[in-house]
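K.L.:
See protein00.pdb below, with PDB, C-alpha atoms and all ligand atoms.
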ATOM      1  CA  MET H   1     -12.763  -8.235 -54.605
ATOM      2  CA  LYS H   2     -15.136  -9.025 -51.802
ATOM      3  CA  LYS H   3     -13.071 -12.027 -50.869
ATOM      4  CA  VAL H   4      -9.883  -9.944 -50.660
ATOM      5  CA  LYS H   5     -11.565  -7.429 -48.375
ATOM      6  CA  PHE H   6     -12.821 -10.235 -46.209
ATOM      7  CA  ILE H   7      -9.363 -11.720 -45.895
ATOM      8  CA  ILE H   8      -7.804  -8.351 -45.078
ATOM      9  CA  THR H   9     -10.447  -7.756 -42.420
ATOM     10  CA  LEU H  10      -9.795 -11.197 -41.021
ATOM     11  CA  ILE H  11      -6.039 -10.606 -40.851
ATOM     12  CA  GLY H  12      -6.717  -7.275 -39.159
ATOM     13  CA  LEU H  13      -8.940  -8.898 -36.592
ATOM     14  CA  VAL H  14      -6.303 -11.473 -35.767
ATOM     15  CA  MET H  15      -3.328  -9.112 -35.815
ATOM     16  CA  PHE H  16      -4.864  -6.343 -33.730
ATOM     17  CA  PRO H  17      -5.036  -8.210 -30.418
ATOM     18  CA  LEU H  18      -1.630  -9.755 -31.123
ATOM     19  CA  LEU H  19      -0.098  -6.301 -31.542
ATOM     20  CA  ILE H  20      -1.696  -5.121 -28.333
ATOM     21  CA  ILE H  21      -0.321  -8.103 -26.429
ATOM     22  CA  ALA H  22       3.149  -7.731 -27.983
ATOM     23  CA  GLY H  23       3.185  -4.001 -27.251
ATOM     24  CA  CYS H  24       2.661  -4.436 -23.536
ATOM     25  CA  PRO H  25       5.735  -4.018 -21.413
ATOM     26  CA  ARG H  26       6.849  -7.303 -19.993
ATOM     27  CA  HIS H  27       7.105  -7.324 -16.241
ATOM     28  CA  ILE H  28      10.058  -9.514 -15.516
ATOM     29  CA  ASN H  29      10.453  -8.212 -12.003
ATOM     30  CA  GLU H  30       7.014  -8.980 -10.691
ATOM     31  CA  ARG H  31       8.466 -11.577  -8.373
ATOM     32  CA  THR H  32       8.660 -10.669  -4.755
ATOM     33  CA  PHE H  33      11.262 -12.069  -2.450
ATOM     34  CA  ASP H  34      11.389 -12.330   1.298
ATOM     35  CA  LYS H  35      14.186  -9.962   2.318
ATOM     36  CA  GLU H  36      15.146 -12.068   5.334
ATOM     37  CA  VAL H  37      15.551 -15.142   3.144
ATOM     38  CA  GLN H  38      17.607 -13.120   0.666
ATOM     39  CA  VAL H  39      19.945 -11.878   3.396
ATOM     40  CA  LEU H  40      20.374 -15.408   4.731
ATOM     41  CA  LEU H  41      21.073 -16.797   1.264
ATOM     42  CA  TYR H  42      23.666 -14.103   0.621
ATOM     43  CA  GLN H  43      25.341 -14.428   4.001
ATOM     44  CA  ARG H  44      25.532 -18.200   3.842
ATOM     45  CA  ASN H  45      26.736 -18.466   0.263
ATOM     46  CA  CYS H  46      28.417 -15.279  -0.842
ATOM     47  CA  ALA H  47      29.505 -13.073   2.049
ATOM     48  CA  HIS H  48      32.622 -15.049   2.981
ATOM     49  CA  CYS H  49      34.145 -14.051  -0.361
ATOM     50  CA  HIS H  50      32.332 -10.857  -1.299
ATOM     51  CA  GLY H  51      31.789  -9.388   2.193
ATOM     52  CA  ASN H  52      28.454  -8.570   3.829
ATOM     53  CA  ARG H  53      27.998  -5.493   1.675
ATOM     54  CA  GLY H  54      29.700  -6.783  -1.452
ATOM     55  CA  ASP H  55      32.597  -4.429  -0.878
ATOM     56  CA  VAL H  56      35.361  -6.983  -0.369
ATOM     57  CA  GLY H  57      37.598  -7.365  -3.406
ATOM     58  CA  THR H  58      37.777 -10.810  -4.961
ATOM     59  CA  ASP H  59      40.232 -10.789  -7.835
ATOM     60  CA  SER H  60      39.666  -7.017  -7.957
ATOM     61  CA  VAL H  61      35.922  -7.560  -8.530
ATOM     62  CA  TYR H  62      33.778  -5.630  -6.074
ATOM     63  CA  LEU H  63      30.269  -7.010  -6.189
ATOM     64  CA  ASN H  64      28.681  -3.738  -5.103
ATOM     65  CA  GLU H  65      30.347  -1.984  -8.052
ATOM     66  CA  SER H  66      29.327  -4.531 -10.665
ATOM     67  CA  ASP H  67      27.576  -3.119 -13.721
ATOM     68  CA  MET H  68      25.903  -6.452 -14.466
ATOM     69  CA  SER H  69      22.131  -6.624 -14.942
ATOM     70  CA  GLU H  70      20.080  -8.755 -12.580
ATOM     71  CA  GLU H  71      19.902 -11.459 -15.255
ATOM     72  CA  GLN H  72      23.676 -11.409 -15.742
ATOM     73  CA  ILE H  73      24.206 -11.713 -12.003
ATOM     74  CA  ALA H  74      21.870 -14.702 -11.945
ATOM     75  CA  ASP H  75      23.840 -16.287 -14.810
ATOM     76  CA  ALA H  76      27.168 -15.654 -13.072
ATOM     77  CA  THR H  77      25.763 -17.146  -9.877
ATOM     78  CA  ARG H  78      24.244 -20.143 -11.637
ATOM     79  CA  TYR H  79      27.192 -21.073 -13.839
ATOM     80  CA  GLY H  80      30.109 -19.411 -12.069
ATOM     81  CA  VAL H  81      32.471 -16.767 -13.399
ATOM     82  CA  GLY H  82      36.261 -16.863 -13.521
ATOM     83  CA  MET H  83      37.508 -18.254 -10.209
ATOM     84  CA  MET H  84      34.039 -18.312  -8.715
ATOM     85  CA  PRO H  85      32.209 -21.638  -8.628
ATOM     86  CA  GLY H  86      28.638 -21.914  -9.977
ATOM     87  CA  TYR H  87      25.701 -22.543  -7.673
ATOM     88  CA  GLU H  88      23.653 -24.632 -10.089
ATOM     89  CA  ASP H  89      23.896 -27.698  -7.864
ATOM     90  CA  LYS H  90      23.804 -25.924  -4.517
ATOM     91  CA  LEU H  91      20.891 -23.540  -4.876
ATOM     92  CA  THR H  92      17.478 -23.886  -6.496
ATOM     93  CA  ASP H  93      16.509 -21.601  -9.393
ATOM     94  CA  GLU H  94      14.355 -19.587  -7.028
ATOM     95  CA  GLU H  95      17.197 -19.200  -4.537
ATOM     96  CA  ILE H  96      19.549 -18.075  -7.318
ATOM     97  CA  GLU H  97      16.977 -15.508  -8.451
ATOM     98  CA  ALA H  98      16.419 -14.346  -4.875
ATOM     99  CA  VAL H  99      20.104 -13.887  -4.086
ATOM    100  CA  SER H 100      20.760 -12.225  -7.462
ATOM    101  CA  ASN H 101      17.891  -9.815  -6.865
ATOM    102  CA  TYR H 102      19.378  -9.059  -3.449
ATOM    103  CA  VAL H 103      22.802  -8.318  -4.950
ATOM    104  CA  TYR H 104      21.257  -6.134  -7.648
ATOM    105  CA  GLU H 105      18.694  -4.272  -5.552
ATOM    106  CA  PHE H 106      20.412  -3.949  -2.207
ATOM    107  CA  LEU H 107      24.155  -4.150  -2.764
ATOM    108  CA  ILE H 108      24.597  -2.417  -6.123
ATOM    109  CA  HIS H 109      21.607  -0.076  -6.404
ATOM    110  CA  SER H 110      20.699   0.548  -2.772
ATOM    111  CA  SER H 111      21.769   4.194  -2.876
ATOM    112  CA  ARG H 112      19.565   5.018  -5.862
TER     113      ARG H 112
HETATM  114  C1  LIG H 201      34.805 -18.771  -3.199
HETATM  115  C2  LIG H 201      34.630 -17.342  -3.219
HETATM  116  C3  LIG H 201      33.334 -16.813  -3.809
HETATM  117  C4  LIG H 201      32.031 -17.073  -3.398
HETATM  118  C5  LIG H 201      31.607 -17.976  -2.250
HETATM  119  C6  LIG H 201      31.164 -16.289  -4.243
HETATM  120  N1  LIG H 201      31.902 -15.595  -5.172
HETATM  121 FE1  LIG H 201      31.171 -14.348  -6.604
HETATM  122  N2  LIG H 201      33.041 -14.063  -7.295
HETATM  123  C7  LIG H 201      34.202 -14.588  -6.749
HETATM  124  C8  LIG H 201      35.344 -14.190  -7.562
HETATM  125  C9  LIG H 201      36.801 -14.561  -7.316
HETATM  126  C10 LIG H 201      34.818 -13.400  -8.608
HETATM  127  C11 LIG H 201      35.594 -12.748  -9.757
HETATM  128  C12 LIG H 201      35.593 -13.740 -10.899
HETATM  129  C13 LIG H 201      36.376 -13.262 -12.080
HETATM  130  O1  LIG H 201      35.890 -12.310 -12.746
HETATM  131  O2  LIG H 201      37.413 -13.836 -12.339
HETATM  132  C14 LIG H 201      33.382 -13.337  -8.408
HETATM  133  C15 LIG H 201      32.496 -12.648  -9.232
HETATM  134  C16 LIG H 201      31.141 -12.571  -9.058
HETATM  135  C17 LIG H 201      30.228 -11.865  -9.926
HETATM  136  C18 LIG H 201      30.613 -11.095 -11.189
HETATM  137  C19 LIG H 201      30.703  -9.629 -10.883
HETATM  138  C20 LIG H 201      31.228  -8.835 -12.056
HETATM  139  O3  LIG H 201      30.750  -7.715 -12.266
HETATM  140  O4  LIG H 201      32.127  -9.332 -12.766
HETATM  141  C21 LIG H 201      28.990 -12.015  -9.423
HETATM  142  C22 LIG H 201      27.679 -11.436  -9.974
HETATM  143  C23 LIG H 201      29.109 -12.816  -8.215
HETATM  144  N3  LIG H 201      30.431 -13.133  -8.041
HETATM  145  C24 LIG H 201      28.044 -13.164  -7.409
HETATM  146  C25 LIG H 201      28.147 -14.046  -6.344
HETATM  147  C26 LIG H 201      27.004 -14.504  -5.592
HETATM  148  C27 LIG H 201      25.570 -14.050  -5.794
HETATM  149  C28 LIG H 201      27.489 -15.390  -4.676
HETATM  150  C29 LIG H 201      26.704 -16.217  -3.693
HETATM  151  C30 LIG H 201      25.649 -17.049  -4.237
HETATM  152  C31 LIG H 201      28.940 -15.477  -4.874
HETATM  153  N4  LIG H 201      29.282 -14.643  -5.886
HETATM  154  C32 LIG H 201      29.786 -16.279  -4.120
HETATM  155  C33 LIG H 201      34.286 -15.384  -5.631
HETATM  156  C34 LIG H 201      33.218 -15.895  -4.934
END
Translate the structure described by the file into structure tokens.
Ligand code: HEC
P.N.:
Amino acid sequence: MKKVKFIITLIGLVMFPLLIIAGCPRHINERTFDKEVQVLLYQRNCAHCHGNRGDVGTDSVYLNESDMSEEQIADATRYGVGMMPGYEDKLTDEEIEAVSNYVYEFLIHSSR
């Protein structure tokens, strides 16, 4: 019996911190981007199709009305979507994240 108690206590001791760690909200948006760099990235790579404010229709898709999450925007930008080419080879991961964050934060959700 003593052994069982010991093992249960041991499991408890191991599991408790694990549960605390797992229960913490994950901060996926802790990154900070330089707004000027984001604007430049967007203007150089995206604006000629999507317009400076994302309000130019491309195949009836208006970027500023997209209901994609930031991660989905990054995926679309990285791999391309429909007629749009991917930027995997043209932009670094960080640049893709920066421009996707710009689209999400400033073009789609700026009025919120
Ligand atoms: C050559 C023109 C062109 C360029 C440049 C371009 N796009 Fe697009 N983009 C499109 C077209 C066309 C679509 C619609 C694709 C479809 O659904 O068929 C689209 C769709 C998207 C979508 C999906 C939106 C939705 O809700 O379906 C995202 C996100 C997006 N573009 C982001 C970007 C970003 C970020 C850049 C710059 C890095 C960029 N695009 C550059 C033409 C372009």
K.L.:
Please find the residues contacting ligand LIG 201 (chain H) at a distance of at most 6 Å between atoms, with all atoms listed in the file counted, and report them as a ChimeraX atom specification.
P.N.:
/H:42,45-46,49,58-59,61,63,66-68,73,76-77,81-84,99-100
K.L.:
Could you write out as a PDB file with C-alpha atoms, in the frame of the given file the residues that the PyMOL selection byres (((chain H and resi 98) around 12) and not hetatm) matches in the shown file?
P.N.:
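Now in expr_13.pdb:
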ATOM      1  CA  ASN H  29      10.453  -8.212 -12.003  1.00  0.00           C
ATOM      2  CA  ARG H  31       8.466 -11.577  -8.373  1.00  0.00           C
ATOM      3  CA  THR H  32       8.660 -10.669  -4.755  1.00  0.00           C
ATOM      4  CA  PHE H  33      11.262 -12.069  -2.450  1.00  0.00           C
ATOM      5  CA  ASP H  34      11.389 -12.330   1.298  1.00  0.00           C
ATOM      6  CA  LYS H  35      14.186  -9.962   2.318  1.00  0.00           C
ATOM      7  CA  GLU H  36      15.146 -12.068   5.334  1.00  0.00           C
ATOM      8  CA  VAL H  37      15.551 -15.142   3.144  1.00  0.00           C
ATOM      9  CA  GLN H  38      17.607 -13.120   0.666  1.00  0.00           C
ATOM     10  CA  VAL H  39      19.945 -11.878   3.396  1.00  0.00           C
ATOM     11  CA  LEU H  40      20.374 -15.408   4.731  1.00  0.00           C
ATOM     12  CA  LEU H  41      21.073 -16.797   1.264  1.00  0.00           C
ATOM     13  CA  TYR H  42      23.666 -14.103   0.621  1.00  0.00           C
ATOM     14  CA  GLU H  70      20.080  -8.755 -12.580  1.00  0.00           C
ATOM     15  CA  GLU H  71      19.902 -11.459 -15.255  1.00  0.00           C
ATOM     16  CA  ILE H  73      24.206 -11.713 -12.003  1.00  0.00           C
ATOM     17  CA  ALA H  74      21.870 -14.702 -11.945  1.00  0.00           C
ATOM     18  CA  THR H  77      25.763 -17.146  -9.877  1.00  0.00           C
ATOM     19  CA  ARG H  78      24.244 -20.143 -11.637  1.00  0.00           C
ATOM     20  CA  LEU H  91      20.891 -23.540  -4.876  1.00  0.00           C
ATOM     21  CA  THR H  92      17.478 -23.886  -6.496  1.00  0.00           C
ATOM     22  CA  ASP H  93      16.509 -21.601  -9.393  1.00  0.00           C
ATOM     23  CA  GLU H  94      14.355 -19.587  -7.028  1.00  0.00           C
ATOM     24  CA  GLU H  95      17.197 -19.200  -4.537  1.00  0.00           C
ATOM     25  CA  ILE H  96      19.549 -18.075  -7.318  1.00  0.00           C
ATOM     26  CA  GLU H  97      16.977 -15.508  -8.451  1.00  0.00           C
ATOM     27  CA  VAL H  99      20.104 -13.887  -4.086  1.00  0.00           C
ATOM     28  CA  SER H 100      20.760 -12.225  -7.462  1.00  0.00           C
ATOM     29  CA  ASN H 101      17.891  -9.815  -6.865  1.00  0.00           C
ATOM     30  CA  TYR H 102      19.378  -9.059  -3.449  1.00  0.00           C
ATOM     31  CA  VAL H 103      22.802  -8.318  -4.950  1.00  0.00           C
ATOM     32  CA  TYR H 104      21.257  -6.134  -7.648  1.00  0.00           C
ATOM     33  CA  GLU H 105      18.694  -4.272  -5.552  1.00  0.00           C
ATOM     34  CA  PHE H 106      20.412  -3.949  -2.207  1.00  0.00           C
TER      35      PHE H 106
END
K.L.:
Work out how far apart CA of Ser110 (chain H) and CA of Tyr79 (chain H) are and give it in Å to one decimal.
P.N.:
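So the answer is 25.1 Å.
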K.L.:
Do you have the CA of His50 (chain H)-CA of Leu107 (chain H) distance handy?
P.N.:
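Those two atoms sit 10.7 Å apart.
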K.L.:
Do you have the CA of Tyr62 (chain H)-CA of Ala47 (chain H) distance handy?
P.N.:
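Going from CA of Tyr62 (chain H) over to CA of Ala47 (chain H) covers 11.8 Å.
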